[in-house]
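Novice: So that you have it, the file is query_3.cif, and it contains mmCIF, C-alpha atoms:
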data_entry
loop_
_atom_site.label_atom_id
_atom_site.label_comp_id
_atom_site.auth_asym_id
_atom_site.auth_seq_id
_atom_site.Cartn_x
_atom_site.Cartn_y
_atom_site.Cartn_z
CA MET A 1 4.16 5.81 19.59
CA ASP A 2 4.39 2.04 19.71
CA LEU A 3 4.65 -0.26 16.69
CA ALA A 4 2.10 -2.65 18.16
CA GLU A 5 -0.36 0.22 18.61
CA LEU A 6 0.23 1.43 15.05
CA LEU A 7 -0.29 -2.01 13.52
CA ALA A 8 -3.37 -2.62 15.65
CA ALA A 9 -4.86 0.56 14.21
CA PHE A 10 -3.85 -0.36 10.67
CA SER A 11 -5.49 -3.78 11.15
CA LEU A 12 -8.85 -1.97 11.28
CA ALA A 13 -8.27 -0.89 7.69
CA THR A 14 -7.32 -4.47 6.82
CA ASP A 15 -10.68 -5.59 8.25
CA LEU A 16 -12.41 -3.31 5.76
CA GLY A 17 -10.58 -4.94 2.85
CA LEU A 18 -11.67 -8.36 4.09
CA GLY A 19 -15.32 -7.37 4.21
CA GLN A 20 -15.37 -7.97 7.97
CA PRO A 21 -16.42 -5.75 10.88
CA MET A 22 -13.64 -3.74 12.43
CA GLU A 23 -11.51 -5.64 14.98
CA HIS A 24 -11.81 -8.98 13.18
CA VAL A 25 -8.02 -9.19 12.99
CA LEU A 26 -7.66 -8.19 16.64
CA ARG A 27 -10.27 -10.72 17.74
CA SER A 28 -8.53 -13.43 15.70
CA TRP A 29 -5.25 -12.61 17.44
CA ARG A 30 -6.91 -12.76 20.83
CA ILE A 31 -8.32 -16.24 20.08
CA ALA A 32 -4.97 -17.44 18.68
CA ASP A 33 -3.07 -16.05 21.67
CA ARG A 34 -5.37 -17.73 24.17
CA LEU A 35 -4.95 -20.98 22.29
CA ALA A 36 -1.16 -20.50 22.22
CA GLU A 37 -1.18 -20.17 26.00
CA ARG A 38 -3.06 -23.45 26.41
CA MET A 39 -0.69 -25.17 23.98
CA ASP A 40 2.38 -23.85 25.86
CA LEU A 41 3.78 -21.89 22.93
CA PRO A 42 7.09 -20.28 23.99
CA GLU A 43 6.92 -16.63 24.98
CA ASP A 44 9.00 -15.40 22.05
CA GLN A 45 6.64 -17.13 19.59
CA ARG A 46 3.61 -15.66 21.33
CA ARG A 47 5.14 -12.22 20.82
CA SER A 48 5.70 -13.00 17.14
CA LEU A 49 2.11 -14.24 16.91
CA PHE A 50 0.84 -10.71 17.50
CA TYR A 51 2.82 -9.23 14.61
CA VAL A 52 2.03 -12.15 12.31
CA SER A 53 -1.66 -11.72 13.10
CA MET A 54 -1.60 -7.97 12.46
CA LEU A 55 0.21 -8.29 9.12
CA ALA A 56 -0.97 -11.60 7.62
CA TRP A 57 -3.86 -10.08 5.65
CA VAL A 58 -2.15 -6.77 4.81
CA GLY A 59 -0.87 -8.27 1.57
CA CYS A 60 -4.40 -8.48 0.21
CA VAL A 61 -3.95 -4.91 -1.01
CA ALA A 62 -1.11 -6.03 -3.28
CA ASP A 63 -3.22 -8.46 -5.30
CA SER A 64 -6.49 -6.52 -5.14
CA PRO A 65 -6.30 -5.30 -8.76
CA GLU A 66 -5.75 -8.88 -9.97
CA VAL A 67 -8.53 -10.22 -7.74
CA ALA A 68 -10.90 -7.55 -9.06
CA ALA A 69 -9.98 -8.35 -12.67
CA SER A 70 -10.82 -12.03 -12.17
CA PHE A 71 -13.56 -12.00 -9.54
CA GLY A 72 -15.16 -8.54 -9.47
CA ASP A 73 -15.65 -6.81 -6.12
CA ASP A 74 -12.48 -7.83 -4.24
CA ILE A 75 -13.95 -7.05 -0.82
CA ALA A 76 -17.07 -9.16 -1.41
CA PHE A 77 -14.88 -11.96 -2.80
CA ARG A 78 -12.76 -12.12 0.35
CA ALA A 79 -15.81 -11.93 2.62
CA ASP A 80 -17.39 -14.87 0.77
CA SER A 81 -14.17 -16.90 0.94
CA TYR A 82 -14.68 -17.51 4.67
CA ASP A 83 -17.66 -19.71 3.82
CA VAL A 84 -15.75 -22.45 2.00
CA ASP A 85 -12.62 -24.58 2.21
CA LEU A 86 -10.59 -23.22 -0.71
CA ALA A 87 -8.84 -26.50 -1.61
CA GLY A 88 -10.13 -29.33 -3.78
CA LEU A 89 -13.42 -29.34 -5.68
CA ALA A 90 -15.16 -27.05 -3.19
CA GLY A 91 -12.51 -24.38 -3.62
CA PHE A 92 -12.37 -24.78 -7.39
CA GLY A 93 -16.15 -24.38 -7.53
CA PHE A 94 -15.92 -21.24 -5.41
CA PHE A 95 -13.45 -19.64 -7.82
CA LEU A 96 -15.54 -20.58 -10.85
CA ARG A 97 -18.75 -19.21 -9.30
CA HIS A 98 -17.03 -15.89 -8.66
CA ALA A 99 -15.19 -15.75 -12.00
CA GLY A 100 -15.87 -12.43 -13.72
CA ARG A 101 -18.62 -11.57 -11.26
CA GLY A 102 -20.28 -8.25 -12.03
CA GLY A 103 -19.29 -8.38 -15.69
CA PRO A 104 -21.20 -9.46 -18.81
CA MET A 105 -21.67 -13.15 -19.53
CA TRP A 106 -18.90 -13.27 -22.15
CA HIS A 107 -16.44 -11.86 -19.62
CA ARG A 108 -17.47 -14.36 -16.96
CA PHE A 109 -17.08 -17.23 -19.42
CA ARG A 110 -13.63 -16.01 -20.51
CA VAL A 111 -12.34 -15.67 -16.95
CA ALA A 112 -13.73 -19.09 -15.97
CA THR A 113 -12.18 -20.70 -19.03
CA THR A 114 -8.80 -19.13 -18.24
CA ILE A 115 -8.92 -20.40 -14.65
CA VAL A 116 -9.72 -23.94 -15.80
CA ALA A 117 -7.13 -23.94 -18.61
CA SER A 118 -4.34 -22.66 -16.36
CA GLY A 119 -5.22 -24.81 -13.39
CA GLY A 120 -5.78 -21.70 -11.31
CA GLN A 121 -2.26 -20.37 -11.78
CA SER A 122 -3.41 -16.75 -11.59
CA VAL A 123 -4.89 -17.46 -8.17
CA VAL A 124 -1.65 -19.10 -7.02
CA GLN A 125 0.41 -16.18 -8.31
CA GLY A 126 -1.83 -13.75 -6.44
CA MET A 127 -1.29 -15.66 -3.21
CA GLN A 128 2.47 -15.70 -3.78
CA SER A 129 2.45 -11.94 -4.43
CA HIS A 130 0.43 -11.41 -1.26
CA CYS A 131 2.92 -13.32 0.89
CA LEU A 132 5.96 -11.68 -0.69
CA THR A 133 4.72 -8.13 -0.20
CA THR A 134 3.59 -8.80 3.37
CA SER A 135 6.90 -10.35 4.36
CA THR A 136 8.68 -7.40 2.72
CA LEU A 137 6.67 -5.01 4.90
CA ALA A 138 7.69 -6.99 7.98
CA GLU A 139 11.33 -6.59 6.97
CA GLN A 140 10.86 -2.84 6.44
CA LEU A 141 9.39 -2.58 9.93
CA GLY A 142 12.41 -4.35 11.40
CA LEU A 143 10.54 -7.41 12.62
CA GLY A 144 12.38 -10.67 13.16
CA GLN A 145 13.04 -13.44 10.67
CA ASP A 146 10.52 -15.68 12.45
CA VAL A 147 7.77 -13.18 11.58
CA VAL A 148 9.00 -12.81 8.00
CA THR A 149 9.15 -16.59 7.45
CA ALA A 150 5.72 -17.17 8.98
CA LEU A 151 4.10 -14.53 6.77
CA ARG A 152 5.44 -16.27 3.67
CA GLN A 153 3.50 -19.37 4.75
CA PHE A 154 0.12 -17.73 5.24
CA PHE A 155 -1.58 -19.61 2.40
CA THR A 156 -0.12 -23.00 3.28
CA ARG A 157 -2.32 -25.82 4.57
CA TRP A 158 -1.69 -28.68 6.95
CA ASP A 159 -2.40 -31.16 4.13
CA GLY A 160 0.18 -29.50 1.85
CA ARG A 161 -2.37 -28.42 -0.75
CA GLY A 162 -1.89 -24.70 -0.24
CA VAL A 163 0.69 -22.22 -1.51
CA PRO A 164 3.55 -23.02 -1.83
CA GLN A 165 2.39 -26.46 -2.96
CA GLY A 166 3.72 -29.30 -0.81
CA VAL A 167 4.54 -27.19 2.26
CA GLY A 168 2.46 -28.54 5.10
CA GLY A 169 2.42 -30.30 8.45
CA THR A 170 5.00 -29.31 10.98
CA ASP A 171 6.96 -27.40 8.32
CA ILE A 172 4.41 -24.62 8.85
CA ALA A 173 5.33 -22.12 11.56
CA PRO A 174 3.34 -22.68 14.79
CA THR A 175 2.13 -19.07 14.69
CA ILE A 176 0.58 -19.61 11.26
CA ARG A 177 -1.03 -22.89 12.33
CA LEU A 178 -2.73 -21.04 15.17
CA LEU A 179 -3.77 -18.12 12.98
CA HIS A 180 -5.21 -20.40 10.27
CA LEU A 181 -7.78 -21.64 12.76
CA ALA A 182 -8.39 -18.39 14.64
CA ASP A 183 -8.99 -16.34 11.48
CA VAL A 184 -11.80 -18.63 10.34
CA VAL A 185 -13.43 -19.52 13.66
CA GLU A 186 -13.69 -15.84 14.59
CA VAL A 187 -15.92 -15.28 11.57
CA ARG A 188 -17.91 -18.48 12.08
CA TYR A 189 -18.43 -17.75 15.78
CA ARG A 190 -19.64 -14.25 15.01
CA THR A 191 -22.04 -15.41 12.29
CA GLY A 192 -23.06 -18.86 13.54
CA GLY A 193 -22.34 -18.96 17.25
CA ILE A 194 -20.17 -21.52 19.00
CA ASP A 195 -21.76 -24.38 17.05
CA GLY A 196 -20.63 -22.77 13.79
CA ALA A 197 -17.09 -22.36 15.10
CA LEU A 198 -16.90 -25.97 16.29
CA GLU A 199 -18.35 -27.27 13.03
CA VAL A 200 -15.77 -25.57 10.79
CA ALA A 201 -12.91 -26.62 13.07
CA ARG A 202 -13.94 -30.27 12.92
CA ALA A 203 -14.61 -30.18 9.17
CA ARG A 204 -11.16 -28.82 8.31
CA ARG A 205 -9.15 -30.80 10.89
CA GLY A 206 -6.18 -32.41 9.15
CA ARG A 207 -6.93 -30.49 5.98
CA GLN A 208 -6.51 -26.74 6.38
CA PHE A 209 -6.01 -26.87 10.14
CA ALA A 210 -3.40 -28.71 12.22
CA PRO A 211 -5.03 -31.58 14.17
CA ASP A 212 -3.42 -30.66 17.51
CA VAL A 213 -4.55 -27.05 17.16
CA VAL A 214 -8.11 -28.16 16.41
CA ASP A 215 -8.11 -30.59 19.34
CA ALA A 216 -6.91 -27.89 21.74
CA PHE A 217 -9.57 -25.54 20.39
CA LEU A 218 -12.38 -28.09 20.73
CA ALA A 219 -11.34 -28.80 24.32
CA ASN A 220 -11.36 -25.12 25.29
CA ALA A 221 -13.69 -23.40 22.81
CA PRO A 222 -16.04 -21.65 25.26
CA GLU A 223 -13.16 -20.04 27.16
CA LEU A 224 -11.23 -19.20 23.98
CA LEU A 225 -14.18 -17.50 22.33
CA SER A 226 -15.71 -15.83 25.38
CA ASP A 227 -15.39 -12.04 25.28
CA ALA A 228 -12.83 -12.30 22.48
CA GLY A 229 -14.24 -9.15 20.95
CA THR A 230 -14.51 -6.88 23.99
CA GLY A 231 -12.02 -4.59 25.63
CA ILE A 232 -9.18 -5.40 23.23
CA ASP A 233 -6.08 -3.35 23.90
CA PRO A 234 -2.96 -5.23 22.84
CA LEU A 235 -0.66 -2.88 24.70
CA THR A 236 -2.19 -3.05 28.17
CA ALA A 237 -3.42 -6.63 27.82
CA ASP A 238 -0.03 -7.99 26.74
CA PRO A 239 2.95 -5.69 27.34
CA ARG A 240 5.26 -8.28 25.72
CA VAL A 241 4.29 -6.98 22.27
CA ARG A 242 5.32 -3.40 23.00
CA ARG A 243 7.94 -1.90 20.71
CA PRO A 244 8.37 1.88 21.12
CA LEU A 245 9.18 3.86 17.98
CA THR A 246 11.35 6.93 17.70
CA GLU A 247 9.93 9.82 15.67
CA GLY A 248 12.08 8.79 12.72
CA GLU A 249 11.02 5.14 13.00
CA LEU A 250 7.38 6.23 13.13
CA ASP A 251 7.77 8.20 9.90
CA THR A 252 9.44 5.21 8.23
CA ALA A 253 6.60 2.92 9.35
CA LEU A 254 3.94 5.37 8.14
CA GLU A 255 5.67 5.63 4.76
CA ALA A 256 5.66 1.85 4.41
CA LEU A 257 1.95 1.66 5.28
CA ALA A 258 1.22 4.51 2.85
CA ASP A 259 2.93 2.59 0.06
CA PHE A 260 0.74 -0.43 0.84
CA THR A 261 -2.38 1.72 0.78
CA ASP A 262 -1.47 2.91 -2.71
CA LEU A 263 -1.21 -0.70 -3.90
CA ARG A 264 -5.01 -0.97 -3.76
CA CYS A 265 -5.27 0.91 -7.02
CA THR A 266 -2.93 0.55 -10.00
CA SER A 267 -3.05 4.27 -10.84
CA ARG A 268 -2.10 5.50 -7.36
CA ALA A 269 1.50 4.27 -6.96
CA GLY A 270 3.42 6.79 -4.85
CA HIS A 271 0.34 9.00 -4.37
CA CYS A 272 0.33 9.16 -0.56
CA ARG A 273 4.05 9.90 -0.35
CA GLY A 274 3.65 12.60 -2.98
CA VAL A 275 0.76 14.21 -1.10
CA ALA A 276 2.74 14.04 2.15
CA GLU A 277 5.77 15.79 0.66
CA LEU A 278 3.72 18.53 -1.00
CA ALA A 279 1.58 19.15 2.09
CA GLY A 280 4.59 19.17 4.39
CA ALA A 281 6.47 21.56 2.13
CA ALA A 282 3.44 23.87 1.97
CA ALA A 283 3.13 23.87 5.76
CA ARG A 284 6.82 24.79 6.11
CA SER A 285 6.57 27.57 3.51
CA MET A 286 3.63 29.07 5.42
CA GLY A 287 5.74 29.22 8.58
CA LEU A 288 3.56 26.83 10.57
CA PRO A 289 4.98 25.47 13.85
CA VAL A 290 7.19 22.39 13.51
CA GLY A 291 4.57 20.19 15.18
CA ASP A 292 1.96 21.25 12.64
CA VAL A 293 4.35 20.61 9.75
CA VAL A 294 5.01 17.09 11.01
CA ALA A 295 1.30 16.40 11.58
CA THR A 296 0.43 17.70 8.11
CA ARG A 297 3.02 15.50 6.40
CA ARG A 298 1.89 12.45 8.36
CA ALA A 299 -1.72 13.22 7.48
CA GLY A 300 -0.71 13.10 3.82
CA LEU A 301 0.69 9.61 4.33
CA LEU A 302 -2.50 8.49 6.07
CA HIS A 303 -5.25 10.34 4.22
CA ASP A 304 -6.28 7.45 1.96
CA ILE A 305 -6.18 4.63 4.50
CA GLY A 306 -9.99 4.47 4.38
CA LEU A 307 -9.81 3.37 0.73
CA HIS A 308 -9.27 -0.15 2.02
CA GLY A 309 -13.04 -0.18 2.43
CA VAL A 310 -13.72 0.70 -1.23
CA PRO A 311 -13.63 -2.07 -3.88
CA VAL A 312 -11.03 -1.81 -6.63
CA THR A 313 -13.86 -2.11 -9.16
CA ILE A 314 -14.95 1.36 -7.99
CA LEU A 315 -11.50 2.90 -7.54
CA ASP A 316 -10.41 1.90 -11.06
CA ARG A 317 -13.76 2.63 -12.73
CA GLU A 318 -13.55 4.60 -15.96
CA GLY A 319 -16.53 6.88 -16.33
CA PRO A 320 -19.13 8.13 -13.86
CA LEU A 321 -20.03 6.31 -10.65
CA SER A 322 -23.54 5.48 -9.53
CA ALA A 323 -25.01 7.13 -6.44
CA THR A 324 -24.37 3.97 -4.42
CA GLU A 325 -20.77 3.78 -5.60
CA TRP A 326 -20.17 7.42 -4.73
CA GLU A 327 -21.53 6.79 -1.27
CA ARG A 328 -18.91 4.08 -0.76
CA VAL A 329 -16.21 6.52 -1.86
CA ARG A 330 -17.48 9.17 0.56
CA LEU A 331 -17.40 6.65 3.37
CA SER A 332 -13.65 6.23 2.87
CA SER A 333 -12.86 9.43 4.79
CA TYR A 334 -15.14 8.29 7.61
CA TYR A 335 -13.22 5.01 7.69
CA THR A 336 -9.97 6.99 7.84
CA GLU A 337 -11.28 8.81 10.89
CA ARG A 338 -12.33 5.52 12.55
CA VAL A 339 -9.03 3.77 11.89
CA LEU A 340 -6.93 6.64 13.25
CA ALA A 341 -9.11 7.59 16.20
CA ARG A 342 -7.60 5.21 18.76
CA PRO A 343 -3.81 5.83 18.84
CA ALA A 344 -3.19 9.04 20.79
CA ALA A 345 -0.03 9.75 18.80
CA LEU A 346 -2.05 9.80 15.57
CA ALA A 347 -4.95 11.90 16.86
CA LYS A 348 -3.77 15.16 15.27
CA PRO A 349 -2.67 13.83 11.86
CA GLY A 350 -5.72 11.55 11.90
CA ALA A 351 -8.07 14.50 12.30
CA ILE A 352 -6.37 16.27 9.39
CA ALA A 353 -6.40 13.13 7.23
CA ALA A 354 -10.11 12.59 7.83
CA ALA A 355 -10.81 16.07 6.41
CA ALA A 356 -8.67 15.63 3.30
CA HIS A 357 -11.70 15.40 1.00
CA GLU A 358 -13.56 18.38 2.43
CA ARG A 359 -13.79 21.55 0.33
CA MET A 360 -13.72 25.24 1.18
CA ASP A 361 -17.26 25.66 -0.17
CA GLY A 362 -18.58 22.81 2.02
CA SER A 363 -19.29 20.44 -0.87
CA GLY A 364 -16.74 17.77 0.11
CA TYR A 365 -17.06 14.68 2.28
CA HIS A 366 -17.53 12.95 4.60
#
For the structure just supplied, provide its representation as structure tokens.
Specialist:
Amino acid sequence: MDLAELLAAFSLATDLGLGQPMEHVLRSWRIADRLAERMDLPEDQRRSLFYVSMLAWVGCVADSPEVAASFGDDIAFRADSYDVDLAGLAGFGFFLRHAGRGGPMWHRFRVATTIVASGGQSVVQGMQSHCLTTSTLAEQLGLGQDVVTALRQFFTRWDGRGVPQGVGGTDIAPTIRLLHLADVVEVRYRTGGIDGALEVARARRGRQFAPDVVDAFLANAPELLSDAGTGIDPLTADPRVRRPLTEGELDTALEALADFTDLRCTSRAGHCRGVAELAGAAARSMGLPVGDVVATRRAGLLHDIGLHGVPVTILDREGPLSATEWERVRLSSYYTERVLARPAALAKPGAIAAAAHERMDGSGYH
């Protein structure tokens, strides 16, 4: 198993949490990498760019409960955020329009009032938490300090109005400057064609996006965007990102990703590790072959990865769910199957994980 392959698969779950079609993160990396080539980014930074791209949005699971408490459906909130520049009056208006969404009017008013009174401090704290947890994951995976530092700057802006406040310009890692643009133009290109991508790049030049990155993009947009979403295989397309994992390193990486999956819901801390240990112990006590014991334990770590596609407002709901909400829960095991289908090394535990919510009497899902 290769770390790049594992993170590419996990990025599909991240896409779900962003409210984007699968492979958004991979397409964004492809655009950023093509742009890096045209801007003569050094080879070591291009390698780091892959890992920064795969992990930058992973931290959204850490602040999902807080996002849901303030803005309702966290997945819908993040999907909508691609439509607006989140700084200044436009950004402030976006947060106010989404304040308390889905709740009664008194709740919406209270959340909006709190945001105004605090100057949006809860939003800032959520972004800081996101960056801290993502950079911590990079450290756990043994990635370099350049990756860790870049991930802590994900919510910065060229104009210094991001998080942390005042960090901007060339103080921002080149990999993040590239990803800032690629992450947004991928969505705008998919939803509005090349004109939409060019429009957002020009509008945010010198604000969210670095001017030289925008200029390089505008000069090469057709080639950068062409076929960015087809035939993506980070391992065969760019062998520089390869990082083989031993069996022990793979287990450590899966445990770290399991912990991040559990962060989506406040009541599930340690759940995936607990399931993995119980399932693995049961497999051993039944005398199953060693390979089956390992696959069963790994399936326990992975079985809830599809929950990235279910809003926290559903996962933390007290009381019965509606038919529509239950359907979204049932889809989570399908998402698990989709996310784990590609890496050959995860095929067996992935198949087990996808069946975790089935029942002996056939009444389970998906």
Novice: Of the residues A:Gly72, A:Gly193, A:Gly100, A:Pro239, which is the one nearest to Ala221 in chain A, using all atoms listed in the file?
Specialist: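 Checking each of A:Gly72, A:Gly193, A:Gly100, A:Pro239 against Ala221 in chain A, counting all atoms listed in the file, the winner is A:Gly193.
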Novice: Between CA of Thr175 in chain A and CA of Asp80 in chain A, measure the distance and give it in Å to one decimal.
Specialist: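 CA of Asp80 in chain A lies 24.3 Å from CA of Thr175 in chain A.
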Novice: Can you find the residues with an atom no farther than 12 Å from (-2.5, 2.3, -10.1), counting all atoms listed in the file, and report them as number ranges by chain?
Specialist: A: 61-66, 259-271, 312, 315-317
Novice: Let me know the residues the PyMOL selection byres ((chain A and resi 283-296) around 9) catches in the file above, as a list in words.
Specialist: Ala276, Leu278, Ala279, Gly280, Ala281, Ala282, Arg297, Arg298, Ala299, Gly300, Leu301, Leu346, Lys348, Pro349, Gly350, Ile352 and Ala353 of chain A
Novice: What separation in Å, quoted to one decimal, exists between CA of Thr191 in chain A and CA of Arg27 in chain A?
Specialist: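 Computed distance, CA of Thr191 in chain A to CA of Arg27 in chain A, equals 13.8 Å.
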Novice: Which one is closest to Ser333 in chain A: A:Ile305, A:Met22, A:Val184, A:Leu143? Count only C-alpha atoms.
Specialist: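 The closest residue to Ser333 in chain A is A:Ile305.
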Novice: Could you state which residues are captured by the PyMOL selection byres ((chain A and resi 335) around 12) in this file, as a PDB file with C-alpha atoms, in the coordinates of the input?
Specialist:
ATOM      1  CA  ALA A   9      -4.860   0.560  14.210  1.00  0.00           C
ATOM      2  CA  PHE A  10      -3.850  -0.360  10.670  1.00  0.00           C
ATOM      3  CA  LEU A  12      -8.850  -1.970  11.280  1.00  0.00           C
ATOM      4  CA  ALA A  13      -8.270  -0.890   7.690  1.00  0.00           C
ATOM      5  CA  THR A  14      -7.320  -4.470   6.820  1.00  0.00           C
ATOM      6  CA  ASP A  15     -10.680  -5.590   8.250  1.00  0.00           C
ATOM      7  CA  LEU A  16     -12.410  -3.310   5.760  1.00  0.00           C
ATOM      8  CA  GLY A  17     -10.580  -4.940   2.850  1.00  0.00           C
ATOM      9  CA  PRO A  21     -16.420  -5.750  10.880  1.00  0.00           C
ATOM     10  CA  MET A  22     -13.640  -3.740  12.430  1.00  0.00           C
ATOM     11  CA  LEU A 302      -2.500   8.490   6.070  1.00  0.00           C
ATOM     12  CA  HIS A 303      -5.250  10.340   4.220  1.00  0.00           C
ATOM     13  CA  ASP A 304      -6.280   7.450   1.960  1.00  0.00           C
ATOM     14  CA  ILE A 305      -6.180   4.630   4.500  1.00  0.00           C
ATOM     15  CA  GLY A 306      -9.990   4.470   4.380  1.00  0.00           C
ATOM     16  CA  LEU A 307      -9.810   3.370   0.730  1.00  0.00           C
ATOM     17  CA  HIS A 308      -9.270  -0.150   2.020  1.00  0.00           C
ATOM     18  CA  GLY A 309     -13.040  -0.180   2.430  1.00  0.00           C
ATOM     19  CA  VAL A 310     -13.720   0.700  -1.230  1.00  0.00           C
ATOM     20  CA  ARG A 328     -18.910   4.080  -0.760  1.00  0.00           C
ATOM     21  CA  VAL A 329     -16.210   6.520  -1.860  1.00  0.00           C
ATOM     22  CA  ARG A 330     -17.480   9.170   0.560  1.00  0.00           C
ATOM     23  CA  LEU A 331     -17.400   6.650   3.370  1.00  0.00           C
ATOM     24  CA  SER A 332     -13.650   6.230   2.870  1.00  0.00           C
ATOM     25  CA  SER A 333     -12.860   9.430   4.790  1.00  0.00           C
ATOM     26  CA  TYR A 334     -15.140   8.290   7.610  1.00  0.00           C
ATOM     27  CA  THR A 336      -9.970   6.990   7.840  1.00  0.00           C
ATOM     28  CA  GLU A 337     -11.280   8.810  10.890  1.00  0.00           C
ATOM     29  CA  ARG A 338     -12.330   5.520  12.550  1.00  0.00           C
ATOM     30  CA  VAL A 339      -9.030   3.770  11.890  1.00  0.00           C
ATOM     31  CA  LEU A 340      -6.930   6.640  13.250  1.00  0.00           C
ATOM     32  CA  ALA A 341      -9.110   7.590  16.200  1.00  0.00           C
ATOM     33  CA  GLY A 350      -5.720  11.550  11.900  1.00  0.00           C
ATOM     34  CA  ALA A 351      -8.070  14.500  12.300  1.00  0.00           C
ATOM     35  CA  ALA A 353      -6.400  13.130   7.230  1.00  0.00           C
ATOM     36  CA  ALA A 354     -10.110  12.590   7.830  1.00  0.00           C
ATOM     37  CA  ALA A 355     -10.810  16.070   6.410  1.00  0.00           C
ATOM     38  CA  TYR A 365     -17.060  14.680   2.280  1.00  0.00           C
ATOM     39  CA  HIS A 366     -17.530  12.950   4.600  1.00  0.00           C
TER      40      HIS A 366
END
Novice: For a cut-off of 7 Å around (-6.7, -8.6, 15.5), file coordinates, pick out all residues using all atoms listed in the file and list them as a PyMOL selection string.
Specialist: chain A and resi 8+11+23-30+53-54
Novice: Pick the closest to Phe154 in chain A from A:Val213, A:Val58, A:Ala79, A:Leu96: which is it, counting only C-alpha atoms?
Specialist: A:Val58
Novice: To one decimal place in Å, what is the distance between CA of Glu5 in chain A and CA of Ala347 in chain A?
Specialist: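 Computed distance, CA of Glu5 in chain A to CA of Ala347 in chain A, equals 12.7 Å.
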Novice: Can you spell out as JSON, numbers by chain the set of residues that the PyMOL selection byres ((chain A and resi 84-87) around 12) selects in the structure I just provided?
Specialist: {"A": [77, 78, 79, 80, 81, 82, 83, 88, 89, 90, 91, 92, 93, 94, 95, 96, 120, 123, 124, 155, 156, 157, 158, 159, 160, 161, 162, 163, 165, 180, 181, 184, 187, 188, 200, 201, 203, 204, 205, 207, 208, 209]}
Novice: Which one is closest to Leu218 in chain A: A:Leu132, A:Ile194, A:Ala356, A:Val275? Count only C-alpha atoms.
Specialist: A:Ile194
Novice: With distances taken over all atoms listed in the file, which of A:Leu225, A:Met127, A:Arg110, A:Leu137 is nearest to Ile31 in chain A?
Specialist: A:Leu225
